[in-house]
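**Q** Have a look at this one.
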Amino acid sequence: MKYALVTGGSRGIGRAICQKLYAMGYEVLINFVSNRKAAEETLSLIEGHGELIPFDVADADAVQAAIGAWQAAHPDDYISVLVNNAGIRRDSLMIWLEAADWHKVIDTNLNGWYNVTRALLQPMLLRKWGRIINVTSLSGIKGLPGQTNYSAAKGGLIAATKALAQEVARKKVTVNAVAPGFIRTDMVEGLDEDSLKKDIPAARFGEPEEVAAVVGFLASQESSYITGEVISVNGGLYT
Ligand code: NAP
């Protein structure tokens with residue numbers, strides 16, 4: 001049995017990634033923080049080939065408890081693919097950005113990455129095979145106004161991707177990132193798509209499956225000589 005963990009697998013891009021990894025033969029651990037109904041829908045879309053593993057990625061103790069319990073129940077197995085996808089945004093111009101919104105976004109999008117990756121890394125190194133794929137953002141590459149918190153978190157994720165990739169490459173563990181532009185999910189609800197798509201060379205928002213396809217490639221054996229990379233999935237919006 002091959003196991004993959006997708007944080008934020010209940011909805012949007014994370015759900016499409018769960019479906020992709022299931023199609024590649026993985027049992028998928030579907031993480032979520034509060035939306036159990038959506039997570040159960042994802043589980044039924046992958047025909048029960050996985051399990052729900054709820055925790056708040058920002059809560060180090062909760063992450064440790066959930067992953068420790070899974071490992072105790074599966075002493076001979078390990079999670080060989082980790083997709084750090086859970087994320088939130090709390091947009092505001094800096095002048096009005098409240099400390100709580102700064103910390104919440106950093107805690108979820110960046111500290112959450114540390115909590116989950118740290119918990120799963122050692123078994124990958126011991127087994128000498130692993131794939132860590134981090135879902136960052138166009139915002140983390142170029143910075144977007146109104147998103148200093150989110151850009152900082154996603155930019156930090158890119159730097160962490162490159163640093164960790166160099167630490168673990170010898171152990172056949174690759175660490176890469178995908179950087180979506182505008183993808184049609186709950187996260188972009190309320191944005192003015194008609195106006196925004198004028199700036200996108202492909203003239204449309206992307207679909208979650210178009211991000212999941214790249215994640216699937218990075219999770220595969222075929223990507224074995226690619227590490228520390230950031231692949232944009234943004235319809236040509238920025239290169
Ligand atoms: P979404 O539809 O809002 O889904 C967010 C997912 O993250 C949900 O599964 C949610 O779980 C989970 N989540 C949020 N906070 C969490 C926490 N503290 N612990 C565990 N899980 C948590 O978002 P999306 O658009 O699919 O985004 C997925 C990733 O892509 C994010 O990292 C986002 O920053 C990135 N991204 C998205 C876009 C875009 O245009 N959509 C562009 C660039 C980057 P619940 O269902 O339980 O709430």
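Ordered as shown in the structure tokens, chains take letters A, B, and onward, while each chain numbers its residues from 1 and ligands are numbered from 1 in the order shown.
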Can you tell me which residues come within 6 Å of ligand 1 when counting only C-alpha atoms and all ligand atoms, ideally as an MDAnalysis selection string?

**A** chainID A and resid 7:14 32:35 55:58 85:88 108 135:137 180:188

**Q** Taking C-alpha atoms for each residue, export the selection above as a compact mmCIF listing (two decimals), in the first residue's frame.

**A**
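The result, stored in selection07.txt:
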```
# COMPACT_ATOMS: atom_id res chain seq x y z
CA THR A 7 -3.41 18.88 3.75
CA GLY A 8 -6.55 20.82 2.96
CA GLY A 9 -7.83 17.89 0.91
CA SER A 10 -11.49 18.55 1.57
CA ARG A 11 -12.11 21.17 -1.11
CA GLY A 12 -10.75 23.00 -4.14
CA ILE A 13 -7.23 22.27 -5.30
CA GLY A 14 -6.62 19.80 -2.46
CA PHE A 32 -9.13 19.26 6.72
CA VAL A 33 -9.68 21.64 9.61
CA SER A 34 -13.44 22.09 9.93
CA ASN A 35 -15.37 21.02 6.84
CA PHE A 55 -6.19 18.60 12.27
CA ASP A 56 -5.30 22.27 12.17
CA VAL A 57 -1.93 22.45 10.43
CA ALA A 58 -1.08 25.48 12.57
CA ASN A 85 -1.79 22.41 0.28
CA ALA A 86 -3.76 23.81 3.24
CA GLY A 87 -3.95 27.57 3.01
CA ILE A 88 -6.00 30.64 3.75
CA THR A 108 -1.46 28.41 8.63
CA VAL A 135 1.38 24.58 -2.90
CA THR A 136 2.62 28.14 -2.93
CA SER A 137 1.27 30.97 -5.10
CA PRO A 180 -0.97 28.59 -9.00
CA GLY A 181 -2.30 31.86 -10.35
CA PHE A 182 -6.08 32.28 -10.21
CA ILE A 183 -7.76 28.89 -9.82
CA ARG A 184 -11.52 28.46 -9.61
CA THR A 185 -12.16 27.44 -5.97
CA ASP A 186 -13.88 28.82 -2.88
CA MET A 187 -10.74 30.87 -2.22
CA VAL A 188 -11.32 33.16 -5.20
```

**Q** Give me, as JSON lines, the closest atom pair and its distance (Å, one decimal) for every residue of range 16-46 of chain A within a cut-off of 7 Å of range 209-218 of chain A, counting only C-alpha atoms, rows sorted by chain and rising number.

**A**
```
{"residue": "A:Ala16", "atom": "CA", "partner": "A:Glu209", "partner_atom": "CA", "distance": 5.4}
{"residue": "A:Ile17", "atom": "CA", "partner": "A:Ala212", "partner_atom": "CA", "distance": 4.6}
{"residue": "A:Lys20", "atom": "CA", "partner": "A:Gly216", "partner_atom": "CA", "distance": 6.2}
{"residue": "A:Leu21", "atom": "CA", "partner": "A:Gly216", "partner_atom": "CA", "distance": 6.4}
```

**Q** Could you write out the selected residues, including N, CA and C atoms, as a CSV table (one decimal), in the first residue's frame?

**A**
```csv
chain,number,residue,atom,x,y,z
A,16,ALA,N,-8.9,18.0,-5.8
A,16,ALA,CA,-8.4,17.5,-7.1
A,16,ALA,C,-7.1,16.8,-7.0
A,17,ILE,N,-6.2,17.2,-6.0
A,17,ILE,CA,-5.0,16.5,-5.8
A,17,ILE,C,-5.3,15.1,-5.2
A,20,LYS,N,-6.3,12.9,-8.0
A,20,LYS,CA,-5.1,12.6,-8.9
A,20,LYS,C,-4.3,11.5,-8.3
A,21,LEU,N,-4.0,11.6,-7.0
A,21,LEU,CA,-3.1,10.7,-6.3
A,21,LEU,C,-3.8,9.3,-6.2
```

**Q** Using only C-alpha atoms, can you tell me which of A:Leu138, A:Leu144, A:Ile106, A:Val116 comes closest to Met94 in chain A?

**A** A:Leu144

**Q** Taking only C-alpha atoms into account, name the residue in A:Asn84, A:Thr174, A:Ser44, A:Gln64 that is nearest to Ala4 in chain A.

**A**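 Of A:Asn84, A:Thr174, A:Ser44, A:Gln64, the one nearest Ala4 in chain A, counting only C-alpha atoms, is A:Asn84.
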
**Q** Restricting the calculation to only C-alpha atoms, which member of A:Glu229, A:Asp91, A:Glu47, A:Asp77 is positioned closest to Asn176 in chain A?

**A**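 That would be A:Glu229, the residue with the smallest distance to Asn176 in chain A.
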
**Q** Name the residues of range 59-220 of chain A that come out as helix (DSSP H, G or I) in a backbone DSSP run; write them as an NGL selection string.

**A** :A and (60-73 or 94-96 or 99-127 or 138-142 or 148-171 or 186-188 or 193-199 or 208-219)

**Q** Any chance you could export the current selection's C-alpha atoms as an mmCIF file, in the first residue's frame?

**A**
```cif
data_model
loop_
_atom_site.group_PDB
_atom_site.id
_atom_site.type_symbol
_atom_site.label_atom_id
_atom_site.label_comp_id
_atom_site.auth_asym_id
_atom_site.auth_seq_id
_atom_site.Cartn_x
_atom_site.Cartn_y
_atom_site.Cartn_z
ATOM 1 C CA ALA A 60 1.811 21.634 16.287
ATOM 2 C CA ASP A 61 0.453 19.364 19.041
ATOM 3 C CA ALA A 62 -2.610 18.402 17.006
ATOM 4 C CA VAL A 63 -0.464 17.594 13.964
ATOM 5 C CA GLN A 64 1.863 15.448 16.057
ATOM 6 C CA ALA A 65 -1.033 13.632 17.720
ATOM 7 C CA ALA A 66 -2.818 12.841 14.439
ATOM 8 C CA ILE A 67 0.269 11.712 12.570
ATOM 9 C CA GLY A 68 1.566 9.793 15.583
ATOM 10 C CA ALA A 69 -1.755 7.941 15.858
ATOM 11 C CA TRP A 70 -1.698 7.069 12.153
ATOM 12 C CA GLN A 71 1.877 5.824 12.371
ATOM 13 C CA ALA A 72 1.064 3.728 15.468
ATOM 14 C CA ALA A 73 -1.815 2.118 13.584
ATOM 15 C CA MET A 94 -0.835 46.864 4.961
ATOM 16 C CA ILE A 95 -2.040 50.097 6.484
ATOM 17 C CA TRP A 96 -5.159 48.323 7.748
ATOM 18 C CA ALA A 99 -1.848 41.667 13.659
ATOM 19 C CA ALA A 100 -4.304 38.785 14.018
ATOM 20 C CA ASP A 101 -4.610 38.490 10.226
ATOM 21 C CA TRP A 102 -0.849 38.683 9.780
ATOM 22 C CA HIS A 103 -0.283 35.880 12.306
ATOM 23 C CA LYS A 104 -3.178 33.676 11.174
ATOM 24 C CA VAL A 105 -1.927 33.602 7.589
ATOM 25 C CA ILE A 106 1.704 32.986 8.564
ATOM 26 C CA ASP A 107 0.673 30.323 11.117
ATOM 27 C CA THR A 108 -1.460 28.406 8.631
ATOM 28 C CA ASN A 109 0.453 28.774 5.365
ATOM 29 C CA LEU A 110 4.046 28.723 6.640
ATOM 30 C CA ASN A 111 4.238 27.386 10.201
ATOM 31 C CA GLY A 112 1.746 24.697 9.157
ATOM 32 C CA TRP A 113 4.246 23.605 6.526
ATOM 33 C CA TYR A 114 6.898 23.191 9.225
ATOM 34 C CA ASN A 115 4.596 21.249 11.549
ATOM 35 C CA VAL A 116 3.495 18.680 8.976
ATOM 36 C CA THR A 117 6.743 18.341 7.023
ATOM 37 C CA ARG A 118 8.828 17.908 10.164
ATOM 38 C CA ALA A 119 6.500 15.133 11.326
ATOM 39 C CA LEU A 120 6.727 13.150 8.065
ATOM 40 C CA LEU A 121 10.297 13.724 6.960
ATOM 41 C CA GLN A 122 12.214 11.166 8.990
ATOM 42 C CA PRO A 123 10.376 8.055 7.688
ATOM 43 C CA MET A 124 10.958 9.289 4.106
ATOM 44 C CA LEU A 125 14.681 9.657 4.793
ATOM 45 C CA LEU A 126 14.889 6.237 6.452
ATOM 46 C CA ARG A 127 13.058 4.563 3.538
ATOM 47 C CA LEU A 138 2.003 33.569 -7.738
ATOM 48 C CA SER A 139 1.700 35.921 -4.770
ATOM 49 C CA GLY A 140 4.793 34.334 -3.225
ATOM 50 C CA ILE A 141 6.826 34.898 -6.397
ATOM 51 C CA LYS A 142 5.940 38.451 -7.354
ATOM 52 C CA THR A 148 1.688 41.230 2.380
ATOM 53 C CA ASN A 149 0.828 38.475 4.859
ATOM 54 C CA TYR A 150 -0.008 35.873 2.193
ATOM 55 C CA SER A 151 2.923 36.878 -0.055
ATOM 56 C CA ALA A 152 5.309 36.615 2.906
ATOM 57 C CA ALA A 153 4.015 33.164 3.823
ATOM 58 C CA LYS A 154 4.057 31.845 0.255
ATOM 59 C CA GLY A 155 7.455 33.414 -0.477
ATOM 60 C CA GLY A 156 8.787 31.804 2.692
ATOM 61 C CA LEU A 157 7.417 28.495 1.491
ATOM 62 C CA ILE A 158 9.366 28.826 -1.765
ATOM 63 C CA ALA A 159 12.611 29.528 0.110
ATOM 64 C CA ALA A 160 11.969 26.605 2.473
ATOM 65 C CA THR A 161 11.304 24.356 -0.544
ATOM 66 C CA LYS A 162 14.677 25.230 -2.060
ATOM 67 C CA ALA A 163 16.558 24.830 1.232
ATOM 68 C CA LEU A 164 15.016 21.507 2.221
ATOM 69 C CA ALA A 165 15.469 20.135 -1.312
ATOM 70 C CA GLN A 166 19.228 20.489 -0.912
ATOM 71 C CA GLU A 167 19.190 18.862 2.535
ATOM 72 C CA VAL A 168 17.447 15.669 1.477
ATOM 73 C CA ALA A 169 18.226 15.103 -2.224
ATOM 74 C CA ARG A 170 20.783 12.388 -1.466
ATOM 75 C CA LYS A 171 18.088 10.345 0.242
ATOM 76 C CA ASP A 186 -13.883 28.815 -2.876
ATOM 77 C CA MET A 187 -10.739 30.865 -2.215
ATOM 78 C CA VAL A 188 -11.322 33.156 -5.198
ATOM 79 C CA GLU A 193 -13.208 37.192 -12.718
ATOM 80 C CA ASP A 194 -14.301 39.172 -15.792
ATOM 81 C CA SER A 195 -11.992 42.014 -14.936
ATOM 82 C CA LEU A 196 -9.070 39.881 -13.694
ATOM 83 C CA LYS A 197 -9.025 37.546 -16.678
ATOM 84 C CA LYS A 198 -8.229 40.482 -18.986
ATOM 85 C CA ASP A 199 -4.692 40.357 -17.533
ATOM 86 C CA PRO A 208 -8.096 22.666 -9.738
ATOM 87 C CA GLU A 209 -7.390 19.646 -11.964
ATOM 88 C CA GLU A 210 -4.801 21.685 -13.909
ATOM 89 C CA VAL A 211 -2.830 22.178 -10.681
ATOM 90 C CA ALA A 212 -3.364 18.565 -9.609
ATOM 91 C CA ALA A 213 -1.849 17.320 -12.887
ATOM 92 C CA VAL A 214 1.462 19.022 -12.061
ATOM 93 C CA VAL A 215 1.354 17.758 -8.476
ATOM 94 C CA GLY A 216 0.792 14.246 -9.836
ATOM 95 C CA PHE A 217 3.867 14.543 -12.039
ATOM 96 C CA LEU A 218 5.976 15.829 -9.140
ATOM 97 C CA ALA A 219 4.752 12.906 -7.013
#
```

**Q** Among range 142-217 of chain A, which ones does DSSP place in strand (DSSP E), written as a list in words?

**A**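 Taking range 142-217 of chain A and keeping strand (DSSP E) only, one gets Val173, Thr174, Val175, Asn176, Ala177, Val178, Ala179 and Pro180 of chain A.
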
**Q** Could you write out that same residue set with N, CA, C and O atoms as a PDB file, in the first residue's frame?

**A**
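Printed below is result_9.pdb as written:
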```
ATOM      1  N   VAL A 173      14.643  11.967  -1.661  1.00  0.00           N
ATOM      2  CA  VAL A 173      13.431  12.698  -1.297  1.00  0.00           C
ATOM      3  C   VAL A 173      13.476  14.023  -2.062  1.00  0.00           C
ATOM      4  O   VAL A 173      14.453  14.767  -1.934  1.00  0.00           O
ATOM      5  N   THR A 174      12.480  14.274  -2.906  1.00  0.00           N
ATOM      6  CA  THR A 174      12.448  15.540  -3.638  1.00  0.00           C
ATOM      7  C   THR A 174      11.457  16.495  -2.985  1.00  0.00           C
ATOM      8  O   THR A 174      10.473  16.065  -2.364  1.00  0.00           O
ATOM      9  N   VAL A 175      11.765  17.773  -3.120  1.00  0.00           N
ATOM     10  CA  VAL A 175      10.932  18.817  -2.521  1.00  0.00           C
ATOM     11  C   VAL A 175      10.713  19.887  -3.579  1.00  0.00           C
ATOM     12  O   VAL A 175      11.663  20.539  -4.026  1.00  0.00           O
ATOM     13  N   ASN A 176       9.478  20.036  -4.013  1.00  0.00           N
ATOM     14  CA  ASN A 176       9.168  21.001  -5.061  1.00  0.00           C
ATOM     15  C   ASN A 176       7.915  21.790  -4.693  1.00  0.00           C
ATOM     16  O   ASN A 176       7.205  21.435  -3.746  1.00  0.00           O
ATOM     17  N   ALA A 177       7.688  22.842  -5.468  1.00  0.00           N
ATOM     18  CA  ALA A 177       6.498  23.667  -5.224  1.00  0.00           C
ATOM     19  C   ALA A 177       5.740  23.897  -6.523  1.00  0.00           C
ATOM     20  O   ALA A 177       6.341  23.930  -7.603  1.00  0.00           O
ATOM     21  N   VAL A 178       4.446  24.038  -6.397  1.00  0.00           N
ATOM     22  CA  VAL A 178       3.639  24.526  -7.519  1.00  0.00           C
ATOM     23  C   VAL A 178       3.082  25.890  -7.111  1.00  0.00           C
ATOM     24  O   VAL A 178       2.720  26.095  -5.951  1.00  0.00           O
ATOM     25  N   ALA A 179       3.052  26.783  -8.071  1.00  0.00           N
ATOM     26  CA  ALA A 179       2.600  28.151  -7.790  1.00  0.00           C
ATOM     27  C   ALA A 179       1.412  28.495  -8.685  1.00  0.00           C
ATOM     28  O   ALA A 179       1.589  28.964  -9.814  1.00  0.00           O
ATOM     29  N   PRO A 180       0.201  28.254  -8.189  1.00  0.00           N
ATOM     30  CA  PRO A 180      -0.972  28.587  -9.005  1.00  0.00           C
ATOM     31  C   PRO A 180      -1.167  30.097  -9.116  1.00  0.00           C
ATOM     32  O   PRO A 180      -0.757  30.861  -8.237  1.00  0.00           O
TER      33      PRO A 180
END
```
